[in-house]
file target-v7.pdb (PDB, N, CA and C atoms)
ATOM      1  N   MET K 149       1.912 -45.293   7.794
ATOM      2  CA  MET K 149       2.090 -43.869   7.566
ATOM      3  C   MET K 149       3.533 -43.630   7.143
ATOM      4  N   ILE K 150       3.752 -42.871   6.096
ATOM      5  CA  ILE K 150       5.091 -42.593   5.584
ATOM      6  C   ILE K 150       5.465 -41.157   5.941
ATOM      7  N   GLU K 151       6.558 -40.991   6.659
ATOM      8  CA  GLU K 151       7.054 -39.664   7.029
ATOM      9  C   GLU K 151       7.895 -39.090   5.905
ATOM     10  N   ASP K 152       8.774 -39.877   5.357
ATOM     11  CA  ASP K 152       9.552 -39.489   4.193
ATOM     12  C   ASP K 152       9.693 -40.727   3.318
ATOM     13  N   THR K 153      10.302 -40.596   2.190
ATOM     14  CA  THR K 153      10.329 -41.708   1.242
ATOM     15  C   THR K 153      11.171 -42.882   1.703
ATOM     16  N   ASN K 154      12.039 -42.686   2.682
ATOM     17  CA  ASN K 154      12.925 -43.767   3.106
ATOM     18  C   ASN K 154      12.633 -44.296   4.500
ATOM     19  N   HIS K 155      11.602 -43.769   5.159
ATOM     20  CA  HIS K 155      11.426 -44.149   6.549
ATOM     21  C   HIS K 155       9.959 -44.381   6.871
ATOM     22  N   LEU K 156       9.634 -45.570   7.279
ATOM     23  CA  LEU K 156       8.296 -45.882   7.739
ATOM     24  C   LEU K 156       8.229 -45.507   9.220
ATOM     25  N   VAL K 157       7.308 -44.648   9.564
ATOM     26  CA  VAL K 157       7.235 -44.155  10.935
ATOM     27  C   VAL K 157       6.425 -45.108  11.796
ATOM     28  N   VAL K 158       7.039 -45.576  12.848
ATOM     29  CA  VAL K 158       6.365 -46.327  13.890
ATOM     30  C   VAL K 158       6.634 -45.529  15.156
ATOM     31  N   PRO K 159       5.693 -44.652  15.514
ATOM     32  CA  PRO K 159       5.967 -43.729  16.618
ATOM     33  C   PRO K 159       6.357 -44.456  17.902
ATOM     34  N   LEU K 160       7.338 -43.910  18.563
ATOM     35  CA  LEU K 160       7.728 -44.437  19.864
ATOM     36  C   LEU K 160       6.651 -44.069  20.870
ATOM     37  N   LYS K 161       6.298 -45.004  21.686
ATOM     38  CA  LYS K 161       5.337 -44.731  22.747
ATOM     39  C   LYS K 161       6.114 -44.774  24.053
ATOM     40  N   LEU K 162       6.480 -43.606  24.533
ATOM     41  CA  LEU K 162       7.287 -43.520  25.748
ATOM     42  C   LEU K 162       6.460 -42.909  26.872
ATOM     43  N   SER K 163       6.710 -43.382  28.073
ATOM     44  CA  SER K 163       6.021 -42.855  29.252
ATOM     45  C   SER K 163       6.754 -41.617  29.760
ATOM     46  N   GLN K 164       6.111 -40.900  30.663
ATOM     47  CA  GLN K 164       6.753 -39.730  31.272
ATOM     48  C   GLN K 164       8.032 -40.154  31.993
ATOM     49  N   GLU K 165       7.992 -41.309  32.624
ATOM     50  CA  GLU K 165       9.181 -41.829  33.318
ATOM     51  C   GLU K 165      10.329 -42.063  32.332
ATOM     52  N   GLU K 166      10.010 -42.558  31.144
ATOM     53  CA  GLU K 166      11.043 -42.793  30.133
ATOM     54  C   GLU K 166      11.606 -41.472  29.602
ATOM     55  N   TYR K 167      10.754 -40.464  29.447
ATOM     56  CA  TYR K 167      11.254 -39.149  29.037
ATOM     57  C   TYR K 167      12.177 -38.565  30.110
ATOM     58  N   GLU K 168      11.853 -38.793  31.370
ATOM     59  CA  GLU K 168      12.731 -38.352  32.461
ATOM     60  C   GLU K 168      14.062 -39.104  32.416
ATOM     61  N   SER K 169      14.006 -40.380  32.069
ATOM     62  CA  SER K 169      15.243 -41.157  31.923
ATOM     63  C   SER K 169      16.096 -40.592  30.799
ATOM     64  N   ILE K 170      15.461 -40.192  29.698
ATOM     65  CA  ILE K 170      16.200 -39.575  28.596
ATOM     66  C   ILE K 170      16.934 -38.349  29.104
ATOM     67  N   GLU K 171      16.248 -37.501  29.870
ATOM     68  CA  GLU K 171      16.874 -36.286  30.417
ATOM     69  C   GLU K 171      18.047 -36.628  31.321
ATOM     70  N   ASN K 172      17.856 -37.598  32.198
ATOM     71  CA  ASN K 172      18.922 -37.964  33.138
ATOM     72  C   ASN K 172      20.128 -38.563  32.432
ATOM     73  N   LEU K 173      19.893 -39.407  31.451
ATOM     74  CA  LEU K 173      20.998 -40.017  30.713
ATOM     75  C   LEU K 173      21.730 -38.977  29.869
ATOM     76  N   ALA K 174      20.980 -38.074  29.241
ATOM     77  CA  ALA K 174      21.610 -37.005  28.453
ATOM     78  C   ALA K 174      22.438 -36.108  29.356
ATOM     79  N   ALA K 175      21.956 -35.856  30.564
ATOM     80  CA  ALA K 175      22.691 -35.023  31.517
ATOM     81  C   ALA K 175      24.038 -35.635  31.873
ATOM     82  N   CYS K 176      24.121 -36.957  31.799
ATOM     83  CA  CYS K 176      25.372 -37.666  32.096
ATOM     84  C   CYS K 176      26.185 -37.942  30.836
ATOM     85  N   ASN K 177      25.811 -37.291  29.740
ATOM     86  CA  ASN K 177      26.527 -37.368  28.464
ATOM     87  C   ASN K 177      26.465 -38.726  27.776
ATOM     88  N   TYR K 178      25.392 -39.481  28.008
ATOM     89  CA  TYR K 178      25.208 -40.705  27.241
ATOM     90  C   TYR K 178      24.729 -40.331  25.848
ATOM     91  N   SER K 179      25.181 -41.068  24.854
ATOM     92  CA  SER K 179      24.804 -40.779  23.474
ATOM     93  C   SER K 179      23.349 -41.193  23.237
ATOM     94  N   PRO K 180      22.726 -40.657  22.197
ATOM     95  CA  PRO K 180      21.365 -41.089  21.871
ATOM     96  C   PRO K 180      21.262 -42.606  21.663
ATOM     97  N   THR K 181      22.259 -43.210  21.059
ATOM     98  CA  THR K 181      22.237 -44.664  20.864
ATOM     99  C   THR K 181      22.237 -45.387  22.215
ATOM    100  N   GLN K 182      23.062 -44.928  23.137
ATOM    101  CA  GLN K 182      23.103 -45.542  24.469
ATOM    102  C   GLN K 182      21.776 -45.358  25.202
ATOM    103  N   VAL K 183      21.148 -44.208  25.021
ATOM    104  CA  VAL K 183      19.845 -43.966  25.650
ATOM    105  C   VAL K 183      18.824 -44.956  25.099
ATOM    106  N   ALA K 184      18.818 -45.155  23.786
ATOM    107  CA  ALA K 184      17.892 -46.108  23.165
ATOM    108  C   ALA K 184      18.104 -47.510  23.731
ATOM    109  N   VAL K 185      19.353 -47.912  23.867
ATOM    110  CA  VAL K 185      19.654 -49.237  24.423
ATOM    111  C   VAL K 185      19.138 -49.331  25.850
ATOM    112  N   TYR K 186      19.368 -48.292  26.646
ATOM    113  CA  TYR K 186      18.896 -48.278  28.031
ATOM    114  C   TYR K 186      17.378 -48.439  28.098
ATOM    115  N   LEU K 187      16.683 -47.749  27.197
ATOM    116  CA  LEU K 187      15.214 -47.800  27.185
ATOM    117  C   LEU K 187      14.669 -49.048  26.492
ATOM    118  N   THR K 188      15.553 -49.836  25.914
ATOM    119  CA  THR K 188      15.187 -50.979  25.068
ATOM    120  C   THR K 188      14.232 -50.549  23.955
ATOM    121  N   ALA K 189      14.487 -49.369  23.406
ATOM    122  CA  ALA K 189      13.716 -48.845  22.275
ATOM    123  C   ALA K 189      14.440 -49.240  20.988
ATOM    124  N   PRO K 190      13.708 -49.361  19.888
ATOM    125  CA  PRO K 190      14.382 -49.628  18.612
ATOM    126  C   PRO K 190      15.358 -48.500  18.290
ATOM    127  N   ILE K 191      16.613 -48.839  18.133
ATOM    128  CA  ILE K 191      17.652 -47.820  17.966
ATOM    129  C   ILE K 191      17.389 -46.942  16.749
ATOM    130  N   ASP K 192      17.062 -47.542  15.620
ATOM    131  CA  ASP K 192      16.829 -46.756  14.404
ATOM    132  C   ASP K 192      15.708 -45.739  14.601
ATOM    133  N   GLU K 193      14.612 -46.179  15.221
ATOM    134  CA  GLU K 193      13.480 -45.268  15.426
ATOM    135  C   GLU K 193      13.820 -44.192  16.444
ATOM    136  N   PHE K 194      14.537 -44.562  17.496
ATOM    137  CA  PHE K 194      14.925 -43.573  18.504
ATOM    138  C   PHE K 194      15.809 -42.505  17.860
ATOM    139  N   LEU K 195      16.792 -42.935  17.073
ATOM    140  CA  LEU K 195      17.690 -41.977  16.418
ATOM    141  C   LEU K 195      16.948 -41.120  15.402
ATOM    142  N   TYR K 196      15.989 -41.706  14.719
ATOM    143  CA  TYR K 196      15.172 -40.938  13.778
ATOM    144  C   TYR K 196      14.428 -39.832  14.530
ATOM    145  N   GLN K 197      13.830 -40.188  15.667
ATOM    146  CA  GLN K 197      13.112 -39.187  16.475
ATOM    147  C   GLN K 197      14.084 -38.147  17.050
ATOM    148  N   TYR K 198      15.246 -38.598  17.470
ATOM    149  CA  TYR K 198      16.249 -37.687  18.033
ATOM    150  C   TYR K 198      16.676 -36.640  17.001
ATOM    151  N   LYS K 199      16.788 -37.044  15.758
ATOM    152  CA  LYS K 199      17.255 -36.128  14.707
ATOM    153  C   LYS K 199      16.193 -35.121  14.284
ATOM    154  N   LYS K 200      14.951 -35.342  14.677
ATOM    155  CA  LYS K 200      13.880 -34.390  14.369
ATOM    156  C   LYS K 200      13.878 -33.304  15.454
ATOM    157  N   PRO K 201      14.179 -32.050  15.106
ATOM    158  CA  PRO K 201      14.300 -31.008  16.129
ATOM    159  C   PRO K 201      13.024 -30.748  16.919
ATOM    160  N   ASP K 202      11.867 -31.115  16.365
ATOM    161  CA  ASP K 202      10.611 -30.840  17.061
ATOM    162  C   ASP K 202      10.030 -32.066  17.774
ATOM    163  N   SER K 203      10.809 -33.145  17.891
ATOM    164  CA  SER K 203      10.295 -34.355  18.534
ATOM    165  C   SER K 203      10.443 -34.268  20.053
ATOM    166  N   LEU K 204       9.603 -35.023  20.745
ATOM    167  CA  LEU K 204       9.696 -35.074  22.207
ATOM    168  C   LEU K 204      10.999 -35.716  22.665
ATOM    169  N   VAL K 205      11.484 -36.680  21.899
ATOM    170  CA  VAL K 205      12.763 -37.314  22.246
ATOM    171  C   VAL K 205      13.859 -36.260  22.241
ATOM    172  N   ARG K 206      13.934 -35.456  21.183
ATOM    173  CA  ARG K 206      14.973 -34.424  21.088
ATOM    174  C   ARG K 206      14.787 -33.359  22.159
ATOM    175  N   GLU K 207      13.547 -32.974  22.388
ATOM    176  CA  GLU K 207      13.262 -31.956  23.410
ATOM    177  C   GLU K 207      13.756 -32.396  24.787
ATOM    178  N   HIS K 208      13.455 -33.625  25.157
ATOM    179  CA  HIS K 208      13.864 -34.108  26.485
ATOM    180  C   HIS K 208      15.367 -34.355  26.556
ATOM    181  N   TYR K 209      15.973 -34.816  25.479
ATOM    182  CA  TYR K 209      17.417 -35.012  25.460
ATOM    183  C   TYR K 209      18.128 -33.669  25.655
ATOM    184  N   ASP K 210      17.724 -32.678  24.856
ATOM    185  CA  ASP K 210      18.342 -31.353  24.960
ATOM    186  C   ASP K 210      18.094 -30.724  26.334
ATOM    187  N   ARG K 211      16.908 -30.941  26.880
ATOM    188  CA  ARG K 211      16.583 -30.400  28.198
ATOM    189  C   ARG K 211      17.495 -30.999  29.272
ATOM    190  N   GLY K 212      17.750 -32.293  29.178
ATOM    191  CA  GLY K 212      18.635 -32.947  30.141
ATOM    192  C   GLY K 212      20.035 -32.374  30.107
ATOM    193  N   VAL K 213      20.556 -32.160  28.908
ATOM    194  CA  VAL K 213      21.894 -31.566  28.762
ATOM    195  C   VAL K 213      21.906 -30.161  29.355
ATOM    196  N   LEU K 214      20.887 -29.377  29.030
ATOM    197  CA  LEU K 214      20.811 -27.994  29.506
ATOM    198  C   LEU K 214      20.703 -27.922  31.026
ATOM    199  N   LEU K 215      19.826 -28.732  31.610
ATOM    200  CA  LEU K 215      19.653 -28.699  33.060
ATOM    201  C   LEU K 215      20.927 -29.090  33.804
ATOM    202  N   ALA K 216      21.630 -30.082  33.291
ATOM    203  CA  ALA K 216      22.878 -30.495  33.937
ATOM    204  C   ALA K 216      23.908 -29.378  33.878
ATOM    205  N   GLN K 217      24.034 -28.751  32.718
ATOM    206  CA  GLN K 217      25.002 -27.670  32.588
ATOM    207  C   GLN K 217      24.619 -26.484  33.466
ATOM    208  N   PHE K 218      23.319 -26.201  33.552
ATOM    209  CA  PHE K 218      22.861 -25.109  34.412
ATOM    210  C   PHE K 218      23.216 -25.377  35.870
ATOM    211  N   GLU K 219      23.010 -26.599  36.329
ATOM    212  CA  GLU K 219      23.318 -26.920  37.725
ATOM    213  C   GLU K 219      24.791 -26.698  38.036
ATOM    214  N   VAL K 220      25.651 -27.110  37.118
ATOM    215  CA  VAL K 220      27.098 -26.909  37.306
ATOM    216  C   VAL K 220      27.422 -25.419  37.293
ATOM    217  N   ASP K 221      26.902 -24.704  36.289
ATOM    218  CA  ASP K 221      27.180 -23.268  36.178
ATOM    219  C   ASP K 221      26.622 -22.493  37.364
ATOM    220  N   ASN K 222      25.452 -22.878  37.831
ATOM    221  CA  ASN K 222      24.837 -22.190  38.960
ATOM    222  C   ASN K 222      25.674 -22.375  40.229
ATOM    223  N   LYS K 223      26.201 -23.571  40.421
ATOM    224  CA  LYS K 223      27.064 -23.833  41.588
ATOM    225  C   LYS K 223      28.363 -23.033  41.469
ATOM    226  N   LEU K 224      28.919 -22.962  40.254
ATOM    227  CA  LEU K 224      30.114 -22.141  40.040
ATOM    228  C   LEU K 224      29.821 -20.679  40.373
ATOM    229  N   LEU K 225      28.661 -20.201  39.941
ATOM    230  CA  LEU K 225      28.282 -18.808  40.220
ATOM    231  C   LEU K 225      28.179 -18.568  41.720
ATOM    232  N   GLU K 226      27.548 -19.470  42.428
ATOM    233  CA  GLU K 226      27.434 -19.335  43.890
ATOM    234  C   GLU K 226      28.820 -19.264  44.533
ATOM    235  N   ASN K 227      29.706 -20.168  44.115
ATOM    236  CA  ASN K 227      31.060 -20.189  44.677
ATOM    237  C   ASN K 227      31.847 -18.943  44.283
ATOM    238  N   ALA K 228      31.646 -18.471  43.057
ATOM    239  CA  ALA K 228      32.326 -17.248  42.615
ATOM    240  C   ALA K 228      31.852 -16.058  43.438
ATOM    241  N   LYS K 229      30.565 -15.969  43.682
ATOM    242  CA  LYS K 229      30.011 -14.857  44.475
ATOM    243  C   LYS K 229      30.531 -14.873  45.903
ATOM    244  N   SER K 230      30.852 -16.065  46.393
ATOM    245  CA  SER K 230      31.351 -16.157  47.764
ATOM    246  C   SER K 230      32.853 -15.863  47.854
ATOM    247  N   GLY K 231      33.474 -15.570  46.701
ATOM    248  CA  GLY K 231      34.873 -15.171  46.724
ATOM    249  C   GLY K 231      35.857 -16.235  46.280
ATOM    250  N   ASN K 232      35.397 -17.363  45.834
ATOM    251  CA  ASN K 232      36.276 -18.426  45.377
ATOM    252  C   ASN K 232      36.881 -18.018  44.025
ATOM    253  N   ILE K 233      38.171 -17.744  44.025
ATOM    254  CA  ILE K 233      38.834 -17.232  42.824
ATOM    255  C   ILE K 233      38.828 -18.263  41.695
ATOM    256  N   THR K 234      39.084 -19.520  42.015
ATOM    257  CA  THR K 234      39.066 -20.563  40.982
ATOM    258  C   THR K 234      37.683 -20.667  40.355
ATOM    259  N   ALA K 235      36.642 -20.626  41.181
ATOM    260  CA  ALA K 235      35.270 -20.694  40.664
ATOM    261  C   ALA K 235      34.976 -19.489  39.774
ATOM    262  N   THR K 236      35.481 -18.325  40.153
ATOM    263  CA  THR K 236      35.287 -17.120  39.348
ATOM    264  C   THR K 236      35.928 -17.296  37.977
ATOM    265  N   GLN K 237      37.141 -17.822  37.948
ATOM    266  CA  GLN K 237      37.833 -18.043  36.681
ATOM    267  C   GLN K 237      37.089 -19.059  35.811
ATOM    268  N   GLU K 238      36.659 -20.146  36.422
ATOM    269  CA  GLU K 238      35.938 -21.189  35.681
ATOM    270  C   GLU K 238      34.596 -20.658  35.179
ATOM    271  N   PHE K 239      33.919 -19.871  35.992
ATOM    272  CA  PHE K 239      32.634 -19.313  35.582
ATOM    273  C   PHE K 239      32.810 -18.370  34.394
ATOM    274  N   LYS K 240      33.829 -17.519  34.452
ATOM    275  CA  LYS K 240      34.083 -16.596  33.341
ATOM    276  C   LYS K 240      34.424 -17.361  32.064
ATOM    277  N   LYS K 241      35.200 -18.423  32.200
ATOM    278  CA  LYS K 241      35.552 -19.244  31.040
ATOM    279  C   LYS K 241      34.298 -19.880  30.436
ATOM    280  N   ALA K 242      33.419 -20.385  31.284
ATOM    281  CA  ALA K 242      32.171 -20.996  30.815
ATOM    282  C   ALA K 242      31.283 -19.946  30.143
ATOM    283  N   GLN K 243      31.243 -18.744  30.704
ATOM    284  CA  GLN K 243      30.462 -17.649  30.114
ATOM    285  C   GLN K 243      30.972 -17.311  28.719
ATOM    286  N   GLU K 244      32.276 -17.183  28.587
ATOM    287  CA  GLU K 244      32.869 -16.854  27.286
ATOM    288  C   GLU K 244      32.561 -17.939  26.254
ATOM    289  N   LYS K 245      32.657 -19.184  26.660
ATOM    290  CA  LYS K 245      32.373 -20.291  25.748
ATOM    291  C   LYS K 245      30.912 -20.252  25.306
ATOM    292  N   ARG K 246      30.005 -20.040  26.261
ATOM    293  CA  ARG K 246      28.583 -19.997  25.940
ATOM    294  C   ARG K 246      28.259 -18.800  25.048
ATOM    295  N   THR K 247      28.883 -17.656  25.300
ATOM    296  CA  THR K 247      28.687 -16.472  24.464
ATOM    297  C   THR K 247      29.139 -16.744  23.042
ATOM    298  N   PHE K 248      30.299 -17.367  22.897
ATOM    299  CA  PHE K 248      30.803 -17.728  21.568
ATOM    300  C   PHE K 248      29.821 -18.656  20.860
ATOM    301  N   GLU K 249      29.350 -19.700  21.566
ATOM    302  CA  GLU K 249      28.409 -20.652  20.966
ATOM    303  C   GLU K 249      27.107 -19.966  20.571
ATOM    304  N   ASN K 250      26.630 -19.047  21.400
ATOM    305  CA  ASN K 250      25.398 -18.325  21.083
ATOM    306  C   ASN K 250      25.566 -17.474  19.827
ATOM    307  N   HIS K 251      26.696 -16.788  19.711
ATOM    308  CA  HIS K 251      26.966 -15.983  18.510
ATOM    309  C   HIS K 251      27.074 -16.881  17.280
ATOM    310  N   LYS K 252      27.783 -17.979  17.415
ATOM    311  CA  LYS K 252      27.925 -18.910  16.295
ATOM    312  C   LYS K 252      26.562 -19.420  15.846
ATOM    313  N   ASN K 253      25.737 -19.816  16.802
ATOM    314  CA  ASN K 253      24.403 -20.321  16.456
ATOM    315  C   ASN K 253      23.533 -19.240  15.814
ATOM    316  N   ARG K 254      23.652 -18.029  16.310
ATOM    317  CA  ARG K 254      22.879 -16.921  15.727
ATOM    318  C   ARG K 254      23.295 -16.696  14.289
ATOM    319  N   ILE K 255      24.588 -16.702  14.039
ATOM    320  CA  ILE K 255      25.101 -16.493  12.674
ATOM    321  C   ILE K 255      24.661 -17.629  11.768
ATOM    322  N   LEU K 256      24.682 -18.845  12.275
ATOM    323  CA  LEU K 256      24.293 -20.010  11.468
ATOM    324  C   LEU K 256      22.791 -20.264  11.492
ATOM    325  N   ASN K 257      22.045 -19.365  12.144
ATOM    326  CA  ASN K 257      20.583 -19.480  12.241
ATOM    327  C   ASN K 257      20.125 -20.782  12.878
ATOM    328  N   GLU K 258      20.822 -21.199  13.901
ATOM    329  CA  GLU K 258      20.466 -22.446  14.593
ATOM    330  C   GLU K 258      19.843 -22.191  15.953
ATOM    331  N   GLY K 259      19.394 -21.028  16.229
ATOM    332  CA  GLY K 259      18.727 -20.781  17.503
ATOM    333  C   GLY K 259      19.362 -19.699  18.211
TER     334      GLY K 259
END

call {"tool": "encode", "arguments": {"input": "target-v7.pdb", "output": "structure tokens"}}
result
Amino acid sequence: MIEDTNHLVVPLKLSQEEYESIENLAACNYSPTQVAVYLTAPIDEFLYQYKKPDSLVREHYDRGVLLAQFEVDNKLLENAKSGNITATQEFKKAQEKRTFENHKNRILNEG
């Protein structure tokens, strides 16, 4: 099966456990190439799947990054609510950064 003129598609067959590993590794900021090596998946095929925005590989990678950031931000919010001034400052800084990124993505039509 040919996906595009330069790439023969050999779909990755990953288990639910492997998709969870993708999320966990992405949460720790491992690159897609490092994730492929960890899974002993063909690097070229893994990266091809990662670059497809609608692939399960990309979905789980992005989910891992998002969940990790949420956990950190949520803990900052809890500490800020309890009166921790440093946590309040860090939370506001993270909010401003995320707001900027959201506006940038909206303008560039990236989500």

call {"tool": "closest_residue", "arguments": {"input": "target-v7.pdb", "among": "K:Ile191, K:Ala235, K:Val183, K:Ala175", "to": "Leu215 of chain K", "atoms": "only N, CA and C atoms"}}
result
K:Ala175

call {"tool": "select_by_dssp", "arguments": {"input": "target-v7.pdb", "residues": "chain K", "states": "helix (DSSP H, G or I)", "output": "MDAnalysis selection string"}}
result
chainID K and resid 164:175 180:187 191:199 204:229 233:255

call {"tool": "closest_residue", "arguments": {"input": "target-v7.pdb", "among": "K:Phe239, K:Lys199, K:Tyr178, K:Ser163", "to": "Glu226 of chain K", "atoms": "only C-alpha atoms"}}
result
K:Phe239

call {"tool": "select_by_dssp", "arguments": {"input": "target-v7.pdb", "residues": "chain K", "states": "strand (DSSP E)", "output": "PyMOL selection string"}}
result
chain K and resi 150-152+155-156

call {"tool": "closest_residue", "arguments": {"input": "target-v7.pdb", "among": "K:Val213, K:Lys200, K:Glu207, K:Pro159", "to": "Asn177 of chain K", "atoms": "only C-alpha atoms"}}
result
K:Val213

call {"tool": "atom_distance", "arguments": {"input": "target-v7.pdb", "atom1": "atom N of Leu162 of chain K", "atom2": "atom N of Leu214 of chain K"}}
result
20.7 Å

call {"tool": "closest_residue", "arguments": {"input": "target-v7.pdb", "among": "K:Lys161, K:Arg211, K:Lys240, K:His251", "to": "Ala174 of chain K", "atoms": "all atoms listed in the file"}}
result
K:Arg211

call {"tool": "atom_distance", "arguments": {"input": "target-v7.pdb", "atom1": "atom C of Thr234 of chain K", "atom2": "atom C of Asn172 of chain K"}}
result
26.3 Å

call {"tool": "residues_around", "arguments": {"input": "target-v7.pdb", "residues": "Tyr209 of chain K", "least_positions_apart": "3", "cutoff": "6 Å", "atoms": "all atoms listed in the file", "output": "list in words"}}
result
Ile170, Glu171, Ala174, Leu204, Val205, Arg206, Gly212 and Val213 of chain K

call {"tool": "atom_distance", "arguments": {"input": "target-v7.pdb", "atom1": "atom C of Leu187 of chain K", "atom2": "atom N of Tyr167 of chain K"}}
result
9.9 Å

call {"tool": "closest_residue", "arguments": {"input": "target-v7.pdb", "among": "K:Glu219, K:Asp210, K:Asp202, K:Glu166", "to": "Thr188 of chain K", "atoms": "only C-alpha atoms"}}
result
K:Glu166

call {"tool": "axis_aligned_box", "arguments": {"input": "target-v7.pdb", "around": "segment 169-188 of chain K", "padding_each_side": "5 Å", "output": "JSON"}}
result
{"center_x": 20.3, "center_y": -43.0, "center_z": 27.0, "size_x": 22.5, "size_y": 26.0, "size_z": 22.3}

call {"tool": "build_atoms", "arguments": {"input": "target-v7.pdb", "residues": "segment 225-232 of chain K", "atoms": "all heavy atoms", "output": "PDB file, in the frame of the given file"}}
result
ATOM      1  N   LEU K 225      28.661 -20.201  39.941  1.00  0.00           N
ATOM      2  CA  LEU K 225      28.282 -18.808  40.220  1.00  0.00           C
ATOM      3  C   LEU K 225      28.179 -18.568  41.720  1.00  0.00           C
ATOM      4  O   LEU K 225      28.692 -17.560  42.227  1.00  0.00           O
ATOM      5  CB  LEU K 225      26.954 -18.476  39.533  1.00  0.00           C
ATOM      6  CG  LEU K 225      26.402 -17.073  39.785  1.00  0.00           C
ATOM      7  CD1 LEU K 225      27.383 -16.003  39.305  1.00  0.00           C
ATOM      8  CD2 LEU K 225      25.044 -16.920  39.106  1.00  0.00           C
ATOM      9  N   GLU K 226      27.548 -19.470  42.428  1.00  0.00           N
ATOM     10  CA  GLU K 226      27.434 -19.335  43.890  1.00  0.00           C
ATOM     11  C   GLU K 226      28.820 -19.264  44.533  1.00  0.00           C
ATOM     12  O   GLU K 226      29.077 -18.420  45.392  1.00  0.00           O
ATOM     13  CB  GLU K 226      26.664 -20.520  44.479  1.00  0.00           C
ATOM     14  CG  GLU K 226      25.186 -20.517  44.187  1.00  0.00           C
ATOM     15  CD  GLU K 226      24.507 -21.785  44.702  1.00  0.00           C
ATOM     16  OE1 GLU K 226      25.083 -22.499  45.553  1.00  0.00           O
ATOM     17  OE2 GLU K 226      23.390 -22.060  44.235  1.00  0.00           O
ATOM     18  N   ASN K 227      29.706 -20.168  44.115  1.00  0.00           N
ATOM     19  CA  ASN K 227      31.060 -20.189  44.677  1.00  0.00           C
ATOM     20  C   ASN K 227      31.847 -18.943  44.283  1.00  0.00           C
ATOM     21  O   ASN K 227      32.615 -18.412  45.090  1.00  0.00           O
ATOM     22  CB  ASN K 227      31.810 -21.443  44.236  1.00  0.00           C
ATOM     23  CG  ASN K 227      31.265 -22.687  44.897  1.00  0.00           C
ATOM     24  OD1 ASN K 227      30.654 -22.629  45.963  1.00  0.00           O
ATOM     25  ND2 ASN K 227      31.442 -23.823  44.255  1.00  0.00           N
ATOM     26  N   ALA K 228      31.646 -18.471  43.057  1.00  0.00           N
ATOM     27  CA  ALA K 228      32.326 -17.248  42.615  1.00  0.00           C
ATOM     28  C   ALA K 228      31.852 -16.058  43.438  1.00  0.00           C
ATOM     29  O   ALA K 228      32.658 -15.213  43.855  1.00  0.00           O
ATOM     30  CB  ALA K 228      32.068 -17.014  41.129  1.00  0.00           C
ATOM     31  N   LYS K 229      30.565 -15.969  43.682  1.00  0.00           N
ATOM     32  CA  LYS K 229      30.011 -14.857  44.475  1.00  0.00           C
ATOM     33  C   LYS K 229      30.531 -14.873  45.903  1.00  0.00           C
ATOM     34  O   LYS K 229      30.640 -13.823  46.537  1.00  0.00           O
ATOM     35  CB  LYS K 229      28.487 -14.912  44.488  1.00  0.00           C
ATOM     36  CG  LYS K 229      27.854 -14.451  43.195  1.00  0.00           C
ATOM     37  CD  LYS K 229      26.331 -14.518  43.298  1.00  0.00           C
ATOM     38  CE  LYS K 229      25.656 -13.987  42.071  1.00  0.00           C
ATOM     39  NZ  LYS K 229      24.182 -14.054  42.184  1.00  0.00           N
ATOM     40  N   SER K 230      30.852 -16.065  46.393  1.00  0.00           N
ATOM     41  CA  SER K 230      31.351 -16.157  47.764  1.00  0.00           C
ATOM     42  C   SER K 230      32.853 -15.863  47.854  1.00  0.00           C
ATOM     43  O   SER K 230      33.431 -15.916  48.927  1.00  0.00           O
ATOM     44  CB  SER K 230      31.043 -17.527  48.354  1.00  0.00           C
ATOM     45  OG  SER K 230      31.864 -18.514  47.769  1.00  0.00           O
ATOM     46  N   GLY K 231      33.474 -15.570  46.701  1.00  0.00           N
ATOM     47  CA  GLY K 231      34.873 -15.171  46.724  1.00  0.00           C
ATOM     48  C   GLY K 231      35.857 -16.235  46.280  1.00  0.00           C
ATOM     49  O   GLY K 231      37.068 -16.007  46.337  1.00  0.00           O
ATOM     50  N   ASN K 232      35.397 -17.363  45.834  1.00  0.00           N
ATOM     51  CA  ASN K 232      36.276 -18.426  45.377  1.00  0.00           C
ATOM     52  C   ASN K 232      36.881 -18.018  44.025  1.00  0.00           C
ATOM     53  O   ASN K 232      36.189 -17.956  43.013  1.00  0.00           O
ATOM     54  CB  ASN K 232      35.491 -19.734  45.262  1.00  0.00           C
ATOM     55  CG  ASN K 232      36.348 -20.900  44.850  1.00  0.00           C
ATOM     56  OD1 ASN K 232      37.193 -20.784  43.979  1.00  0.00           O
ATOM     57  ND2 ASN K 232      36.100 -22.045  45.474  1.00  0.00           N
TER      58      ASN K 232
END
